[in-house]
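Data from query35.tsv: TSV, C-alpha atoms
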chain	number	residue	atom	x	y	z
A	53	MET	CA	-33.17	-6.86	-33.69
A	54	ARG	CA	-33.06	-4.72	-30.56
A	55	ASN	CA	-33.23	-7.78	-28.36
A	56	LEU	CA	-30.41	-9.36	-30.34
A	57	PHE	CA	-28.29	-6.22	-29.83
A	58	LYS	CA	-29.07	-6.19	-26.07
A	59	LEU	CA	-28.17	-9.87	-25.84
A	60	PHE	CA	-24.91	-9.21	-27.69
A	61	VAL	CA	-23.99	-6.29	-25.37
A	62	LEU	CA	-24.91	-8.36	-22.31
A	63	SER	CA	-22.79	-11.30	-23.45
A	64	LEU	CA	-19.90	-8.97	-24.27
A	65	PHE	CA	-20.14	-7.36	-20.81
A	66	THR	CA	-20.28	-10.78	-19.14
A	67	ALA	CA	-17.25	-12.00	-21.08
A	68	ALA	CA	-15.29	-8.86	-20.19
A	69	THR	CA	-16.21	-9.19	-16.50
A	70	MET	CA	-15.19	-12.86	-16.44
A	71	THR	CA	-11.89	-12.05	-18.14
A	72	ALA	CA	-11.15	-9.27	-15.65
A	73	GLY	CA	-12.05	-11.54	-12.75
A	74	ALA	CA	-9.85	-14.32	-14.09
A	75	GLN	CA	-6.74	-12.14	-14.17
A	76	ASN	CA	-4.07	-13.30	-11.78
A	77	LEU	CA	-3.50	-10.35	-9.44
A	78	LYS	CA	0.02	-10.47	-8.06
A	79	PHE	CA	1.21	-8.81	-4.90
A	80	GLY	CA	4.62	-8.74	-3.34
A	81	HIS	CA	6.15	-7.98	0.01
A	82	ILE	CA	9.55	-7.00	1.33
A	83	ASP	CA	11.14	-5.99	4.60
A	84	LEU	CA	12.69	-2.68	3.51
A	85	GLN	CA	14.75	-2.36	6.68
A	86	ALA	CA	16.23	-5.83	6.17
A	87	LEU	CA	17.20	-4.84	2.63
A	88	VAL	CA	18.80	-1.57	3.72
A	89	GLN	CA	20.74	-3.38	6.46
A	90	VAL	CA	22.56	-5.53	3.89
A	91	MET	CA	23.31	-2.72	1.44
A	92	PRO	CA	26.98	-1.69	1.35
A	93	GLU	CA	25.95	1.96	0.96
A	94	ARG	CA	24.39	1.81	4.43
A	95	VAL	CA	27.73	0.82	5.95
A	96	THR	CA	29.42	3.81	4.31
A	97	ALA	CA	26.65	6.15	5.44
A	98	GLU	CA	26.78	4.73	8.97
A	99	THR	CA	30.56	5.22	9.16
A	100	GLU	CA	30.27	8.83	8.00
A	101	PHE	CA	27.42	9.43	10.46
A	102	ASN	CA	29.43	7.96	13.36
A	103	ASN	CA	32.40	10.20	12.50
A	104	PHE	CA	30.13	13.25	12.43
A	105	GLN	CA	28.59	12.22	15.75
A	106	SER	CA	32.04	11.77	17.31
A	107	GLU	CA	33.06	15.28	16.27
A	108	LEU	CA	29.94	16.73	17.88
A	109	GLU	CA	30.55	14.71	21.05
A	110	ASP	CA	34.17	15.89	21.19
A	111	VAL	CA	33.07	19.53	21.08
A	112	LEU	CA	30.47	18.85	23.78
A	113	GLY	CA	33.10	17.11	25.89
A	114	GLU	CA	35.40	20.12	25.63
A	115	MET	CA	32.58	22.42	26.66
A	116	GLN	CA	31.71	20.23	29.66
A	117	GLN	CA	35.36	20.01	30.66
A	118	ASN	CA	35.60	23.79	30.50
A	119	TYR	CA	32.48	24.04	32.68
A	120	GLN	CA	33.97	21.67	35.25
A	121	GLN	CA	37.19	23.69	35.29
A	122	LYS	CA	35.27	26.93	35.90
A	123	LEU	CA	33.20	25.24	38.62
A	124	THR	CA	36.37	24.09	40.35
A	125	GLU	CA	37.76	27.63	40.14
A	126	LEU	CA	34.58	28.95	41.77
A	127	GLU	CA	34.80	26.40	44.58
A	128	GLN	CA	38.46	27.29	45.21
A	129	LEU	CA	37.84	31.02	45.52
A	130	GLY	CA	37.39	30.73	49.27
A	131	GLU	CA	35.63	33.00	51.71
A	132	GLU	CA	37.91	36.02	51.37
A	133	VAL	CA	36.92	36.76	47.73
A	134	SER	CA	34.53	39.62	47.13
A	135	GLU	CA	30.90	38.98	46.35
A	136	ILE	CA	31.29	40.83	43.03
A	137	ARG	CA	33.97	38.41	41.89
A	138	ARG	CA	31.95	35.38	43.13
A	139	ASN	CA	28.83	36.61	41.29
A	140	ALA	CA	30.87	37.16	38.13
A	141	LYS	CA	32.07	33.54	38.26
A	142	ILE	CA	28.53	32.29	38.91
A	143	THR	CA	27.23	34.30	35.96
A	144	GLU	CA	30.01	32.94	33.79
A	145	LEU	CA	29.05	29.38	34.81
A	146	GLN	CA	25.38	30.00	34.10
A	147	GLU	CA	26.19	31.38	30.64
A	148	LEU	CA	28.45	28.45	29.89
A	149	ASN	CA	25.76	26.02	31.04
A	150	GLN	CA	23.24	27.74	28.75
A	151	ARG	CA	25.67	27.47	25.81
A	152	ILE	CA	26.09	23.75	26.54
A	153	GLN	CA	22.33	23.24	26.55
A	154	ASN	CA	21.92	25.20	23.30
A	155	TYR	CA	24.71	23.20	21.72
A	156	GLN	CA	23.06	19.92	22.71
A	157	VAL	CA	19.81	20.96	21.03
A	158	THR	CA	21.60	22.15	17.91
A	159	ALA	CA	23.78	19.03	17.79
A	160	GLN	CA	20.71	16.80	18.00
A	161	GLN	CA	19.12	18.65	15.08
A	162	GLN	CA	22.34	18.38	13.08
A	163	LEU	CA	22.50	14.64	13.77
A	164	GLN	CA	18.96	14.14	12.51
A	165	GLN	CA	19.65	16.18	9.37
A	166	LYS	CA	22.91	14.32	8.70
A	167	GLN	CA	21.23	10.95	9.15
A	168	ALA	CA	18.47	11.89	6.70
A	169	GLU	CA	21.02	13.29	4.26
A	170	LEU	CA	23.14	10.13	4.36
A	171	LEU	CA	20.35	7.54	4.34
A	172	SER	CA	18.09	9.17	1.78
A	173	PRO	CA	20.17	7.98	-1.23
A	174	VAL	CA	20.32	4.46	0.24
A	175	PHE	CA	16.53	4.27	0.57
A	176	ASP	CA	16.07	5.84	-2.87
A	177	LYS	CA	18.29	3.17	-4.43
A	178	ALA	CA	16.45	0.39	-2.58
A	179	GLU	CA	13.05	1.73	-3.63
A	180	ALA	CA	14.16	2.06	-7.26
A	181	ALA	CA	15.32	-1.57	-7.27
A	182	ILE	CA	12.03	-2.68	-5.69
A	183	GLU	CA	10.13	-0.79	-8.37
A	184	GLU	CA	12.17	-2.44	-11.14
A	185	VAL	CA	11.61	-5.93	-9.73
A	186	ALA	CA	7.90	-5.26	-9.24
A	187	LYS	CA	7.56	-4.18	-12.86
A	188	GLU	CA	9.54	-7.18	-14.09
A	189	GLU	CA	7.40	-9.56	-12.03
A	190	GLY	CA	4.12	-7.85	-12.96
A	191	LEU	CA	3.23	-7.03	-9.36
A	192	LEU	CA	0.44	-4.57	-8.63
A	193	TYR	CA	1.63	-3.68	-5.14
A	194	VAL	CA	4.66	-4.38	-2.97
A	195	PHE	CA	4.02	-4.04	0.75
A	196	ASP	CA	6.67	-3.29	3.37
A	197	ILE	CA	6.10	-5.98	5.96
A	198	GLY	CA	8.81	-4.54	8.20
A	199	SER	CA	6.65	-1.53	9.00
A	200	ARG	CA	3.95	-3.76	10.48
A	201	VAL	CA	1.27	-1.91	8.54
A	202	VAL	CA	0.22	-5.00	6.59
A	203	LEU	CA	-2.21	-6.91	8.75
A	204	TYR	CA	-2.36	-10.04	6.62
A	205	LYS	CA	0.01	-11.57	4.08
A	206	SER	CA	-1.03	-14.49	1.92
A	207	ASN	CA	1.41	-17.25	1.00
A	208	GLN	CA	0.70	-16.27	-2.61
A	209	SER	CA	2.33	-12.88	-2.04
A	210	VAL	CA	5.77	-12.83	-3.65
A	211	ASP	CA	8.74	-12.11	-1.39
A	212	VAL	CA	10.76	-9.73	-3.57
A	213	LEU	CA	13.70	-9.39	-1.16
A	214	PRO	CA	15.87	-12.06	-2.85
A	215	MET	CA	15.17	-10.61	-6.31
A	216	VAL	CA	15.92	-7.05	-5.18
A	217	LYS	CA	19.15	-8.16	-3.49
A	218	GLN	CA	20.15	-9.88	-6.72
A	219	LYS	CA	19.26	-6.73	-8.71
A	220	LEU	CA	21.52	-4.71	-6.38
A	221	GLY	CA	24.29	-7.31	-6.52
A	222	ILE	CA	24.03	-8.20	-2.82
A	223	GLN	CA	24.58	-11.75	-1.64

Any chance you could put this one into structure tokens?
Amino acid sequence: MRNLFKLFVLSLFTAATMTAGAQNLKFGHIDLQALVQVMPERVTAETEFNNFQSELEDVLGEMQQNYQQKLTELEQLGEEVSEIRRNAKITELQELNQRIQNYQVTAQQQLQQKQAELLSPVFDKAEAAIEEVAKEEGLLYVFDIGSRVVLYKSNQSVDVLPMVKQKLGIQ
């Protein structure tokens, strides 16, 4: 009886292992950047980002123009001006130059924050659509082949880009 029970458990384990091994594991891949490039939300975000960038550049341009004006004033002072006045102008130029440099650093940080703020919803929407398609197709994993992290991609891997574009209503 014990041997019969062991045989039954062994056959049950073998059948379960064979069933698990026979399952069709499905994987998918997508180029996330290619998807984001065709999303209309990206165009809107890019336009808003470019406007923001232009505003920052305009302010920087005004600051640089002011610096050039002050530099020209210093050069036109001539030899007869006192050293106190010349040093005051030089100090003013140095301070203005420092403000320009600080502004450039701050502007770069603001640009990075704005880009993240504008693109985050676009990527979130793309990732949600990828997740929906993956669930519908019964995929275990979807790899981003655009990031070049995947070292090998089988022809059996499902390209989910067309399905995700359809889910998002993109032609």

Checklist outcome for this item: Correct to one decimal, the distance atom CA of Gln156 of chain A-atom CA of Asn118 of chain A is 15.3 Å

Next on the checklist: When you look at Leu129 of chain A with a cut-off of 10 Å (counting only C-alpha atoms), what residues show up, excluding the ones that are within fewer than 6 positions of it in the same chain? I need them as a PyMOL selection string.
Outcome noted: chain A and resi 137-138+141

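Proximity ranking of A:Arg94, A:Lys122, A:Lys217, A:Arg151 relative to Glu169 of chain A places A:Arg94 first, based on all atoms listed in the file.
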
Next on the checklist: At a cut-off of 10 Å, using only C-alpha atoms, what residues contact Leu123 of chain A? Leave out same-chain residues fewer than 6 positions from it and give the result as a PyMOL selection string.
Outcome noted: chain A and resi 117+141-142+144-145

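The residue set within 9 Å of segment 171-182 of chain A, counting all atoms listed in the file and dropping same-chain residues fewer than 4 places from it, reads Ile82, Leu84, Leu87, Val88, Met91, Glu93, Arg94, Ala97, Glu98, Lys166, Gln167, Ala186, Lys187, Val194, Val212, Leu213, Met215, Val216, Lys217, Lys219 and Leu220 of chain A.
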
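A straight line drawn from atom CA of Glu127 of chain A to atom CA of Gln146 of chain A is 14.5 Å long.
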
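Here atom CA of Phe101 of chain A and atom CA of Gln164 of chain A stand 9.9 Å from one another.
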
Next on the checklist: Taking 6 positions as the minimum chain separation for residues in the same chain, which residues sit within 10 Å of Met115 of chain A when counting all atoms listed in the file? Answer as a ChimeraX atom specification.
Outcome noted: /A:109,121,148-149,151-152,155

Checklist entry - Using all atoms listed in the file, which residues sit within 10 Å of segment 105-108 of chain A once same-chain residues fewer than 2 positions away are excluded, as a PyMOL selection string? => result chain A and resi 99-103+110-113+155-156+158-160+162-163+166-167

Next on the checklist: Is it possible to get the residues within 9 Å of (-2.0, -12.1, -7.5) (coordinates as in the file, counting all atoms listed in the file) written as a ChimeraX atom specification?
Outcome noted: /A:75-80,191-192,208-210

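The shortest atom-to-atom distance to Gln218 of chain A, with only C-alpha atoms taken into account, belongs to A:Val90 out of A:Thr96, A:Gln161, A:Val90, A:His81.
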